[in-house]
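Asker: Mind looking over this structure? Questions follow.
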Amino acid sequence: MAIAEQVSGRSTCLRRHTGAVLVKDKRILATGYNGVPAGLAHCEQAGCLREQRNIASGSHHELCRGIHAEQNAVIQAAKHGIAIDGASVYSTHQPCVLCAKILLNAGVKEIVFRDAYPDPLSEELLAEAGVVPRRLAGSEQP
(Lines give C-alpha, C1' and ligand atoms only; values in the text may rest on other atoms or scores of the structure.)
Protein backbone atom coordinates (compact mmCIF):
# COMPACT_ATOMS: atom_id res chain seq x y z
CA MET A 1 0.00 0.00 0.00
CA ALA A 2 2.93 2.31 0.65
CA ILE A 3 3.87 2.00 -3.04
CA ALA A 4 0.29 2.85 -4.11
CA GLU A 5 0.46 5.92 -1.87
CA GLN A 6 3.79 6.91 -3.44
CA VAL A 7 2.38 6.44 -6.96
CA SER A 8 -0.64 8.61 -6.07
CA GLY A 9 1.78 11.51 -5.70
CA ARG A 10 2.09 11.55 -9.52
CA SER A 11 -1.63 12.35 -9.88
CA THR A 12 -2.53 15.58 -11.64
CA CYS A 13 -6.17 15.49 -10.49
CA LEU A 14 -7.29 18.57 -8.59
CA ARG A 15 -9.89 16.69 -6.51
CA ARG A 16 -8.38 13.39 -5.40
CA HIS A 17 -4.97 11.75 -5.70
CA THR A 18 -5.27 7.99 -6.21
CA GLY A 19 -2.62 5.37 -6.83
CA ALA A 20 -2.91 1.68 -7.72
CA VAL A 21 -0.42 -1.18 -7.91
CA LEU A 22 -1.06 -4.53 -9.61
CA VAL A 23 0.82 -7.38 -7.93
CA LYS A 24 1.16 -11.10 -8.56
CA ASP A 25 3.44 -13.63 -6.89
CA LYS A 26 4.92 -10.83 -4.75
CA ARG A 27 6.02 -8.90 -7.86
CA ILE A 28 4.83 -5.51 -9.04
CA LEU A 29 3.30 -5.86 -12.50
CA ALA A 30 2.12 -2.30 -13.17
CA THR A 31 1.21 0.93 -11.43
CA GLY A 32 -1.25 3.69 -12.21
CA TYR A 33 -2.41 7.03 -10.90
CA ASN A 34 -5.35 9.19 -11.86
CA GLY A 35 -4.66 11.74 -14.56
CA VAL A 36 -5.47 12.70 -18.13
CA PRO A 37 -4.57 10.59 -21.20
CA ALA A 38 -1.15 11.09 -22.74
CA GLY A 39 -0.88 14.22 -24.87
CA LEU A 40 -3.68 16.15 -23.16
CA ALA A 41 -3.30 19.19 -20.92
CA HIS A 42 -3.36 18.20 -17.27
CA CYS A 43 -6.21 19.43 -15.10
CA GLU A 44 -3.66 21.62 -13.32
CA GLN A 45 -3.45 23.62 -16.59
CA ALA A 46 -6.91 23.07 -18.14
CA GLY A 47 -8.93 23.17 -14.94
CA CYS A 48 -11.27 20.55 -13.51
CA LEU A 49 -14.10 19.73 -15.91
CA ARG A 50 -16.14 18.16 -13.09
CA GLU A 51 -15.79 21.27 -10.96
CA GLN A 52 -16.63 23.55 -13.88
CA ARG A 53 -19.85 21.58 -14.50
CA ASN A 54 -20.72 21.08 -10.80
CA ILE A 55 -20.63 17.28 -11.05
CA ALA A 56 -20.91 15.54 -7.69
CA SER A 57 -18.25 13.09 -6.58
CA GLY A 58 -19.21 9.51 -7.38
CA SER A 59 -21.46 10.37 -10.32
CA HIS A 60 -21.04 10.69 -14.09
CA HIS A 61 -17.49 9.30 -14.16
CA GLU A 62 -17.44 9.76 -17.93
CA LEU A 63 -17.58 13.55 -17.54
CA CYS A 64 -13.94 13.93 -16.57
CA ARG A 65 -10.69 14.52 -18.46
CA GLY A 66 -8.91 11.98 -16.28
CA ILE A 67 -8.56 8.23 -16.13
CA HIS A 68 -8.70 6.45 -12.78
CA ALA A 69 -5.60 4.90 -11.22
CA GLU A 70 -6.87 1.31 -11.50
CA GLN A 71 -7.72 1.85 -15.17
CA ASN A 72 -4.27 3.30 -15.84
CA ALA A 73 -2.58 0.34 -14.12
CA VAL A 74 -4.52 -2.11 -16.33
CA ILE A 75 -3.74 -0.01 -19.42
CA GLN A 76 -0.03 0.09 -18.59
CA ALA A 77 0.04 -3.69 -18.16
CA ALA A 78 -1.71 -4.17 -21.51
CA LYS A 79 0.52 -1.65 -23.27
CA HIS A 80 3.63 -3.51 -22.12
CA GLY A 81 2.25 -7.03 -22.63
CA ILE A 82 2.06 -7.94 -18.95
CA ALA A 83 -0.54 -10.56 -18.02
CA ILE A 84 -2.48 -9.59 -14.90
CA ASP A 85 -4.95 -12.50 -14.71
CA GLY A 86 -5.04 -13.64 -11.08
CA ALA A 87 -3.34 -10.48 -9.80
CA SER A 88 -4.16 -8.39 -6.73
CA VAL A 89 -4.60 -4.64 -6.84
CA TYR A 90 -3.62 -2.33 -4.01
CA SER A 91 -5.33 1.03 -4.34
CA THR A 92 -5.44 4.10 -2.17
CA HIS A 93 -9.20 4.21 -2.76
CA GLN A 94 -11.98 1.66 -3.10
CA PRO A 95 -12.74 1.14 -6.82
CA CYS A 96 -15.70 2.87 -8.46
CA VAL A 97 -18.10 0.77 -10.54
CA LEU A 98 -16.20 1.44 -13.79
CA CYS A 99 -12.89 0.34 -12.27
CA ALA A 100 -14.55 -2.65 -10.60
CA LYS A 101 -15.87 -3.90 -13.96
CA ILE A 102 -12.49 -3.41 -15.63
CA LEU A 103 -10.65 -5.19 -12.81
CA LEU A 104 -13.10 -8.10 -12.96
CA ASN A 105 -12.72 -8.52 -16.72
CA ALA A 106 -8.93 -8.27 -16.42
CA GLY A 107 -8.98 -11.23 -14.01
CA VAL A 108 -7.97 -9.38 -10.84
CA LYS A 109 -8.83 -11.68 -7.94
CA GLU A 110 -8.11 -9.49 -4.92
CA ILE A 111 -8.75 -5.82 -4.21
CA VAL A 112 -7.13 -4.13 -1.23
CA PHE A 113 -7.81 -0.45 -0.52
CA ARG A 114 -7.09 2.22 2.07
CA ASP A 115 -9.90 4.80 1.79
CA ALA A 116 -13.59 4.11 1.18
CA TYR A 117 -15.38 5.45 -1.89
CA PRO A 118 -19.19 5.58 -1.85
CA ASP A 119 -20.27 3.36 -4.74
CA PRO A 120 -22.83 0.70 -3.74
CA LEU A 121 -23.13 -0.68 -7.29
CA SER A 122 -19.38 -1.36 -7.34
CA GLU A 123 -19.70 -3.33 -4.10
CA GLU A 124 -22.72 -5.28 -5.43
CA LEU A 125 -21.02 -6.30 -8.68
CA LEU A 126 -17.79 -7.29 -6.97
CA ALA A 127 -19.70 -9.35 -4.40
CA GLU A 128 -21.68 -11.08 -7.15
CA ALA A 129 -18.38 -11.98 -8.84
CA GLY A 130 -16.96 -13.30 -5.57
CA VAL A 131 -14.36 -10.55 -5.22
CA VAL A 132 -14.85 -8.79 -1.90
CA PRO A 133 -12.62 -5.73 -1.51
CA ARG A 134 -10.60 -5.68 1.70
CA ARG A 135 -10.05 -2.44 3.53
CA LEU A 136 -6.81 -2.16 5.45
CA ALA A 137 -7.16 -1.78 9.20
CA GLY A 138 -6.53 1.72 10.45
CA SER A 139 -7.71 3.39 7.24
CA GLU A 140 -9.58 6.69 7.16
CA GLN A 141 -13.35 6.64 7.53
CA PRO A 142 -15.50 7.66 4.50
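Residue numbers start at 1 in each chain; chains themselves are named A, B, ... in the order of the C-alpha coordinates; ligands are numbered from 1 in the order shown.
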Using backbone DSSP assignments, extract all strand (DSSP E) residues from chain A; output them as a PyMOL selection string.
Answerer: chain A and resi 19-24+27-33+88-93+110-115+134-135
Asker: Kindly export the residues of the current selection with N, CA, C and O atoms, as a short mmCIF file (atom, residue, chain, number, x, y, z; two decimals), in the first residue's frame.
Answerer:
data_model
loop_
_atom_site.label_atom_id
_atom_site.label_comp_id
_atom_site.auth_asym_id
_atom_site.auth_seq_id
_atom_site.Cartn_x
_atom_site.Cartn_y
_atom_site.Cartn_z
N GLY A 19 -3.66 6.21 -6.25
CA GLY A 19 -2.62 5.37 -6.83
C GLY A 19 -3.04 3.92 -6.75
O GLY A 19 -3.77 3.53 -5.83
N ALA A 20 -2.58 3.11 -7.70
CA ALA A 20 -2.91 1.68 -7.72
C ALA A 20 -1.67 0.90 -8.16
O ALA A 20 -0.89 1.36 -8.99
N VAL A 21 -1.53 -0.29 -7.58
CA VAL A 21 -0.42 -1.18 -7.91
C VAL A 21 -0.98 -2.57 -8.15
O VAL A 21 -1.69 -3.11 -7.30
N LEU A 22 -0.68 -3.15 -9.31
CA LEU A 22 -1.06 -4.53 -9.61
C LEU A 22 0.10 -5.44 -9.23
O LEU A 22 1.25 -5.18 -9.62
N VAL A 23 -0.20 -6.49 -8.47
CA VAL A 23 0.82 -7.38 -7.93
C VAL A 23 0.42 -8.83 -8.15
O VAL A 23 -0.76 -9.18 -8.03
N LYS A 24 1.39 -9.66 -8.46
CA LYS A 24 1.16 -11.10 -8.56
C LYS A 24 2.44 -11.81 -8.16
O LYS A 24 3.53 -11.41 -8.59
N ARG A 27 5.31 -9.76 -6.91
CA ARG A 27 6.02 -8.90 -7.86
C ARG A 27 5.08 -7.81 -8.37
O ARG A 27 3.92 -8.08 -8.69
N ILE A 28 5.60 -6.61 -8.49
CA ILE A 28 4.83 -5.51 -9.04
C ILE A 28 4.75 -5.69 -10.56
O ILE A 28 5.77 -5.85 -11.23
N LEU A 29 3.52 -5.70 -11.06
CA LEU A 29 3.30 -5.86 -12.50
C LEU A 29 3.13 -4.51 -13.20
O LEU A 29 3.62 -4.31 -14.31
N ALA A 30 2.38 -3.61 -12.57
CA ALA A 30 2.12 -2.30 -13.17
C ALA A 30 1.60 -1.36 -12.09
O ALA A 30 1.07 -1.81 -11.07
N THR A 31 1.74 -0.08 -12.33
CA THR A 31 1.21 0.93 -11.43
C THR A 31 0.38 1.92 -12.24
O THR A 31 0.50 2.01 -13.46
N GLY A 32 -0.46 2.65 -11.56
CA GLY A 32 -1.25 3.69 -12.21
C GLY A 32 -1.66 4.75 -11.22
O GLY A 32 -1.75 4.49 -10.03
N TYR A 33 -1.89 5.93 -11.71
CA TYR A 33 -2.41 7.03 -10.90
C TYR A 33 -3.45 7.75 -11.74
O TYR A 33 -3.51 7.58 -12.96
N SER A 88 -3.52 -9.19 -7.78
CA SER A 88 -4.16 -8.39 -6.73
C SER A 88 -3.91 -6.93 -7.08
O SER A 88 -2.90 -6.60 -7.71
N VAL A 89 -4.83 -6.07 -6.68
CA VAL A 89 -4.60 -4.64 -6.84
C VAL A 89 -4.63 -4.00 -5.45
O VAL A 89 -5.49 -4.34 -4.62
N TYR A 90 -3.68 -3.15 -5.22
CA TYR A 90 -3.62 -2.33 -4.01
C TYR A 90 -3.88 -0.91 -4.46
O TYR A 90 -3.17 -0.39 -5.32
N SER A 91 -4.93 -0.30 -3.91
CA SER A 91 -5.33 1.03 -4.34
C SER A 91 -5.56 1.91 -3.12
O SER A 91 -6.03 1.45 -2.09
N THR A 92 -5.22 3.18 -3.27
CA THR A 92 -5.44 4.10 -2.17
C THR A 92 -6.93 4.32 -1.91
O THR A 92 -7.30 4.73 -0.82
N HIS A 93 -7.76 4.03 -2.91
CA HIS A 93 -9.20 4.21 -2.76
C HIS A 93 -9.96 2.98 -3.26
O HIS A 93 -9.52 2.31 -4.19
N GLU A 110 -8.11 -10.08 -6.26
CA GLU A 110 -8.11 -9.49 -4.92
C GLU A 110 -7.99 -7.98 -5.04
O GLU A 110 -7.19 -7.48 -5.83
N ILE A 111 -8.79 -7.27 -4.24
CA ILE A 111 -8.75 -5.82 -4.21
C ILE A 111 -8.54 -5.39 -2.76
O ILE A 111 -9.31 -5.74 -1.88
N VAL A 112 -7.46 -4.64 -2.56
CA VAL A 112 -7.13 -4.13 -1.23
C VAL A 112 -7.09 -2.61 -1.35
O VAL A 112 -6.46 -2.08 -2.27
N PHE A 113 -7.77 -1.91 -0.43
CA PHE A 113 -7.81 -0.45 -0.52
C PHE A 113 -7.63 0.17 0.85
O PHE A 113 -7.78 -0.48 1.87
N ARG A 114 -7.29 1.46 0.84
CA ARG A 114 -7.09 2.22 2.07
C ARG A 114 -8.33 3.03 2.43
O ARG A 114 -8.87 2.91 3.50
N ASP A 115 -8.80 3.88 1.50
CA ASP A 115 -9.90 4.80 1.79
C ASP A 115 -11.17 4.37 1.06
O ASP A 115 -11.12 3.97 -0.10
N ARG A 134 -11.05 -5.65 0.30
CA ARG A 134 -10.60 -5.68 1.70
C ARG A 134 -9.99 -4.34 2.05
O ARG A 134 -9.05 -3.88 1.41
N ARG A 135 -10.56 -3.73 3.07
CA ARG A 135 -10.05 -2.44 3.53
C ARG A 135 -8.99 -2.68 4.60
O ARG A 135 -9.21 -3.46 5.53
#
Asker: Report as a ChimeraX atom specification all protein, DNA and RNA residues lying within 12 Å of Cys99 of chain A, evaluated on only C-alpha atoms, omitting residues in the same chain fewer than 3 positions from it.
Answerer: /A:20,34,61-62,67-75,89,91,93-96,102-106,108,111,117,119,121-123,125-126
Asker: Quick one: distance from atom CA of Thr12 of chain A to atom CA of Gly66 of chain A in Å, one decimal?
Answerer: 8.7 Å
Asker: So that I can check the surroundings of Cys13 of chain A, please list as a PyMOL selection string every protein, DNA and RNA residue that reaches within 12 Å of it, counting only C-alpha atoms and ignoring chain neighbours fewer than 2 positions away.
Answerer: chain A and resi 8-11+15-19+33-37+41-51+64-69
